[in-house]
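A quick write-up on the structure given underneath.
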Amino acid sequence: MSEAIQSDATPGGGESIIEVRDLVKHFPVQVGILFKRTVGHVKAVDGVSFDLKRGETLGVVGESGCGKSTLAQVLMRLVPQTSGSATFEGRDIFKMRGSELRKLRRSIQIVLQDPYTSLNPRMTVGDIVGEPFEIHPEVAPKASRRQKVQDLLDVVGLNPEHINRYPHQFSGGQRQRIGIARALALRPQVIICDEPVSALDVSIQAQVMNLLGDLQDEFGLSYMFIAHDLGVVRHLSDRVAVMYLGKVVEIGTETEIYEHPTHPYTQALLSAVPVPDPSLRGQRQVIRLEGDVPSPVDPPSGCRFRTRCWKAQDLCAEEQPELISRLGGHDSACHFAEERQVVP
Ligand SMILES: Nc1ncnc2c1ncn2[C@@H]1O[C@H](COP(=O)(O)OP(=O)(O)OP(=O)(O)O)[C@@H](O)[C@H]1O
Ligand code: SF4
Ligand SMILES: [Mg+2]
């Protein structure tokens, strides 16, 4: 383990289960059909550091393309990192081989956004939820698997008698429950939820979020919960990391991010969250972001948010702002960080 990882392992207390330091993932941009040439790199994740503490939910929020899913895939060893480090229970994720890597693959599971495409339509629910036992037979002997799958269906609120049904015989919310049952099969410690409710109706979203909350309490799970929208993750998150163009721009507790945001991008995202109380709607200032997210192949110099920031000054183009505490509270990557209350 590097010194950097040891030195600031658990800011704010609590034992870290995952520690990420300066993680980078660049995808080459290649042209040519027969002879491929690399003409640049998509800087999908570009120097990200955070801790996931045992038993907590860390919300990871940002617009489409800011690198959320890539971050998840790198941590799960589904794509190789470009540089940086990540540990799981103090051990280097990127150096794991053999049985240690198998254990990592049991310990960290993912629930994906689209329950329509992430479940194989030709497999029964029993086969889908029980498939992880085929890959990790040590977790459940063959004779006990059917019962284990039925128990899992019960835990996520599905009828265990529906074990022989196919995905199309379930509603969207029920399909997401199947995905969650499958993720639970190997008794993981961490579940990465990659926009698990984005494709569901609002009423069903709440049910699935409540289920995830209950399962966290029951099994002591740690969640990394990815979403576009700060509104979706608030209820479940203990802390939130806001990402923009491959970087974390602000990270703090739920109260710090929602009630005392200091980065202009967080403030703009918050101003887009629907206000449930109609009497408060008229009081909120709406911050409209101008322009599109710049290309991650050639991000702006200095602060990446400067092309859309209403506070940008010369320094913002010259110097990249560090993710640090400038106001004595949580960390924010803005030279001119200042608190602005957005949601009344
Ligand atoms: N395999 C790949 N090859 C090249 N570029 C990729 C690859 N995967 C992702 N990217 C690019 O990396 C950037 C980050 O993508 P990523 O999917 O991580 O974003 P995201 O935050 O999850 O977005 P969304 O909210 O739309 O799911 C995007 O510009 C994307 O086009
Ligand atoms: S560093 Fe400058 S451009 Fe970036 S968010 Fe702060 S004020 Fe805006
Ligand atoms: Mg994604």
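Starting from 1 in every chain, residues are counted up; chains themselves are A, B, ... following the order of the structure tokens, and ligands are numbered from 1 as listed.
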Under the rule of at most 10 Å, produce a per-residue listing of chain A near ligand 3: chain, number, name, the closest pair of atoms, and the distance in Å, as a tab-separated table, using only C-alpha atoms and all ligand atoms.
residue	atom	partner	partner_atom_place_in_ligand_line	distance
A:Gly62	CA	ligand 3	1 (Mg)	9.6
A:Glu63	CA	ligand 3	1 (Mg)	9.2
A:Ser64	CA	ligand 3	1 (Mg)	6.8
A:Gly65	CA	ligand 3	1 (Mg)	6.9
A:Cys66	CA	ligand 3	1 (Mg)	8.3
A:Gly67	CA	ligand 3	1 (Mg)	7.0
A:Lys68	CA	ligand 3	1 (Mg)	5.5
A:Ser69	CA	ligand 3	1 (Mg)	4.0
A:Thr70	CA	ligand 3	1 (Mg)	7.2
A:Leu71	CA	ligand 3	1 (Mg)	9.1
A:Ala72	CA	ligand 3	1 (Mg)	8.8
A:Gln73	CA	ligand 3	1 (Mg)	9.8
A:Leu112	CA	ligand 3	1 (Mg)	9.1
A:Gln113	CA	ligand 3	1 (Mg)	8.4
A:Asp194	CA	ligand 3	1 (Mg)	6.6
A:Glu195	CA	ligand 3	1 (Mg)	7.3
A:Ile226	CA	ligand 3	1 (Mg)	7.9
A:Ala227	CA	ligand 3	1 (Mg)	8.2
A:His228	CA	ligand 3	1 (Mg)	8.7
Residues from last step as file, N, CA and C atoms, as an mmCIF file, in the first residue's frame:
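Produced file out_34.cif, reproduced below:
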data_model
loop_
_atom_site.group_PDB
_atom_site.id
_atom_site.type_symbol
_atom_site.label_atom_id
_atom_site.label_comp_id
_atom_site.auth_asym_id
_atom_site.auth_seq_id
_atom_site.Cartn_x
_atom_site.Cartn_y
_atom_site.Cartn_z
ATOM 1 N N GLY A 62 -23.528 12.888 -11.511
ATOM 2 C CA GLY A 62 -22.995 13.779 -12.547
ATOM 3 C C GLY A 62 -23.701 13.503 -13.857
ATOM 4 N N GLU A 63 -23.554 14.457 -14.808
ATOM 5 C CA GLU A 63 -24.237 14.313 -16.089
ATOM 6 C C GLU A 63 -23.692 13.127 -16.885
ATOM 7 N N SER A 64 -24.455 12.766 -17.916
ATOM 8 C CA SER A 64 -24.080 11.658 -18.788
ATOM 9 C C SER A 64 -22.665 11.857 -19.343
ATOM 10 N N GLY A 65 -21.861 10.813 -19.289
ATOM 11 C CA GLY A 65 -20.530 10.855 -19.879
ATOM 12 C C GLY A 65 -19.443 11.352 -18.939
ATOM 13 N N CYS A 66 -19.771 11.636 -17.671
ATOM 14 C CA CYS A 66 -18.745 12.196 -16.772
ATOM 15 C C CYS A 66 -17.841 11.104 -16.197
ATOM 16 N N GLY A 67 -18.133 9.825 -16.483
ATOM 17 C CA GLY A 67 -17.206 8.766 -16.092
ATOM 18 C C GLY A 67 -17.685 7.872 -14.959
ATOM 19 N N LYS A 68 -18.953 7.964 -14.592
ATOM 20 C CA LYS A 68 -19.465 7.199 -13.444
ATOM 21 C C LYS A 68 -19.367 5.690 -13.676
ATOM 22 N N SER A 69 -19.874 5.244 -14.835
ATOM 23 C CA SER A 69 -19.869 3.795 -15.100
ATOM 24 C C SER A 69 -18.451 3.286 -15.317
ATOM 25 N N THR A 70 -17.624 4.108 -15.941
ATOM 26 C CA THR A 70 -16.232 3.693 -16.157
ATOM 27 C C THR A 70 -15.544 3.485 -14.814
ATOM 28 N N LEU A 71 -15.795 4.382 -13.876
ATOM 29 C CA LEU A 71 -15.231 4.251 -12.526
ATOM 30 C C LEU A 71 -15.657 2.913 -11.918
ATOM 31 N N ALA A 72 -16.935 2.589 -12.044
ATOM 32 C CA ALA A 72 -17.446 1.322 -11.501
ATOM 33 C C ALA A 72 -16.764 0.134 -12.173
ATOM 34 N N GLN A 73 -16.628 0.200 -13.487
ATOM 35 C CA GLN A 73 -16.045 -0.936 -14.222
ATOM 36 C C GLN A 73 -14.577 -1.151 -13.874
ATOM 37 N N LEU A 112 -27.374 -3.098 -12.515
ATOM 38 C CA LEU A 112 -27.337 -2.183 -13.651
ATOM 39 C C LEU A 112 -28.672 -1.483 -13.861
ATOM 40 N N GLN A 113 -28.601 -0.454 -14.720
ATOM 41 C CA GLN A 113 -29.756 0.404 -14.932
ATOM 42 C C GLN A 113 -30.945 -0.321 -15.536
ATOM 43 N N ASP A 194 -25.553 0.996 -10.476
ATOM 44 C CA ASP A 194 -25.306 1.931 -11.573
ATOM 45 C C ASP A 194 -26.652 2.365 -12.161
ATOM 46 N N GLU A 195 -27.181 3.439 -11.665
ATOM 47 C CA GLU A 195 -28.481 3.983 -12.060
ATOM 48 C C GLU A 195 -29.575 2.920 -12.024
ATOM 49 N N ILE A 226 -24.820 5.188 -8.114
ATOM 50 C CA ILE A 226 -24.576 6.106 -9.228
ATOM 51 C C ILE A 226 -25.904 6.648 -9.767
ATOM 52 N N ALA A 227 -25.961 7.956 -10.009
ATOM 53 C CA ALA A 227 -27.170 8.554 -10.586
ATOM 54 C C ALA A 227 -26.823 9.842 -11.316
ATOM 55 N N HIS A 228 -27.736 10.273 -12.229
ATOM 56 C CA HIS A 228 -27.584 11.547 -12.922
ATOM 57 C C HIS A 228 -27.981 12.710 -12.025
#
Output the neighbourhood of ligand 2 as a PyMOL selection string, that is, all protein and nucleic acid residues with some atom at most 8 Å from the ligand, counting only C-alpha atoms and all ligand atoms. chain A and resi 263-265+302-313+315-317+320-321+333-337
From atom CA of A:Pro300 to atom 16 (P, counted along the ligand's line) of ligand 1 the spacing works out at 18.3 Å
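When only C-alpha atoms and all ligand atoms are used to compute distances to ligand 1, the closest of the residues A:Asp277, A:Glu131, A:Asp229, A:Glu339 turns out to be A:Asp229.
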Atom CA of A:Glu138 to atom CA of A:Pro196 measures 28.3 Å
Kindly assemble as JSON lines a list of the stretch 41-109 of chain A residues that lie within 9 Å of stretch 167-190 of chain A, each paired with its nearest atom pair and their distance in Å to one decimal, using only C-alpha atoms, sorted first by chain and then by ascending residue number.
{"residue": "A:Arg54", "atom": "CA", "partner": "A:Gln189", "partner_atom": "CA", "distance": 8.4}
{"residue": "A:Gly55", "atom": "CA", "partner": "A:Gln189", "partner_atom": "CA", "distance": 8.5}
{"residue": "A:Leu104", "atom": "CA", "partner": "A:Pro188", "partner_atom": "CA", "distance": 9.0}
{"residue": "A:Arg105", "atom": "CA", "partner": "A:Pro188", "partner_atom": "CA", "distance": 8.7}
{"residue": "A:Arg106", "atom": "CA", "partner": "A:Leu186", "partner_atom": "CA", "distance": 5.8}
{"residue": "A:Ser107", "atom": "CA", "partner": "A:Pro188", "partner_atom": "CA", "distance": 4.1}
{"residue": "A:Ile108", "atom": "CA", "partner": "A:Val190", "partner_atom": "CA", "distance": 4.8}
{"residue": "A:Gln109", "atom": "CA", "partner": "A:Ala183", "partner_atom": "CA", "distance": 5.5}
Write out, as a PDB file, in the first residue's frame, the residues just selected, with C-alpha atoms.
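Here's the written file again.pdb:
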ATOM      1  CA  ARG A  54     -18.149   0.076   5.543  1.00  0.00           C
ATOM      2  CA  GLY A  55     -21.935   0.133   5.726  1.00  0.00           C
ATOM      3  CA  LEU A 104     -13.114  -9.739  -4.993  1.00  0.00           C
ATOM      4  CA  ARG A 105     -15.585 -10.774  -7.700  1.00  0.00           C
ATOM      5  CA  ARG A 106     -17.812 -12.248  -5.007  1.00  0.00           C
ATOM      6  CA  SER A 107     -17.422  -9.335  -2.643  1.00  0.00           C
ATOM      7  CA  ILE A 108     -18.272  -6.515  -5.078  1.00  0.00           C
ATOM      8  CA  GLN A 109     -21.441  -6.894  -7.145  1.00  0.00           C
TER       9      GLN A 109
END
Which of stretch 62-269 of chain A counts as strand (DSSP E) under DSSP, as an mmCIF file with C-alpha atoms, in the first residue's frame please?
data_model
loop_
_atom_site.group_PDB
_atom_site.id
_atom_site.type_symbol
_atom_site.label_atom_id
_atom_site.label_comp_id
_atom_site.auth_asym_id
_atom_site.auth_seq_id
_atom_site.Cartn_x
_atom_site.Cartn_y
_atom_site.Cartn_z
ATOM 1 C CA SER A 83 -2.998 4.582 -13.510
ATOM 2 C CA GLY A 84 -3.718 5.235 -9.862
ATOM 3 C CA SER A 85 -4.635 2.836 -7.106
ATOM 4 C CA ALA A 86 -7.626 1.243 -5.435
ATOM 5 C CA THR A 87 -7.794 -1.089 -2.470
ATOM 6 C CA PHE A 88 -10.493 -3.391 -1.135
ATOM 7 C CA ARG A 91 -5.469 -4.966 -0.555
ATOM 8 C CA ASP A 92 -4.559 -3.615 -3.963
ATOM 9 C CA ILE A 108 -18.272 -6.515 -5.078
ATOM 10 C CA GLN A 109 -21.441 -6.894 -7.145
ATOM 11 C CA ILE A 110 -23.201 -4.544 -9.542
ATOM 12 C CA VAL A 111 -26.851 -3.776 -10.249
ATOM 13 C CA VAL A 190 -20.276 -3.922 -1.625
ATOM 14 C CA ILE A 191 -22.944 -3.363 -4.261
ATOM 15 C CA ILE A 192 -22.357 -0.805 -6.975
ATOM 16 C CA CYS A 193 -25.758 0.401 -8.108
ATOM 17 C CA ASP A 194 -25.306 1.931 -11.573
ATOM 18 C CA SER A 222 -21.848 -0.750 1.487
ATOM 19 C CA TYR A 223 -23.302 0.934 -1.600
ATOM 20 C CA MET A 224 -21.797 3.076 -4.291
ATOM 21 C CA PHE A 225 -24.946 4.530 -5.793
ATOM 22 C CA ILE A 226 -24.576 6.106 -9.228
ATOM 23 C CA ALA A 227 -27.170 8.554 -10.586
ATOM 24 C CA ARG A 239 -22.164 11.012 1.516
ATOM 25 C CA VAL A 240 -22.193 12.229 -2.070
ATOM 26 C CA ALA A 241 -19.441 12.726 -4.662
ATOM 27 C CA VAL A 242 -20.285 15.041 -7.562
ATOM 28 C CA MET A 243 -18.427 14.292 -10.805
ATOM 29 C CA TYR A 244 -17.790 16.501 -13.825
ATOM 30 C CA LYS A 247 -13.204 14.377 -11.918
ATOM 31 C CA VAL A 248 -14.812 14.624 -8.500
ATOM 32 C CA VAL A 249 -15.595 18.329 -8.039
ATOM 33 C CA GLU A 250 -17.197 18.179 -4.584
ATOM 34 C CA ILE A 251 -17.582 15.487 -1.934
ATOM 35 C CA GLY A 252 -19.244 15.649 1.444
ATOM 36 C CA THR A 253 -21.939 14.356 3.714
#
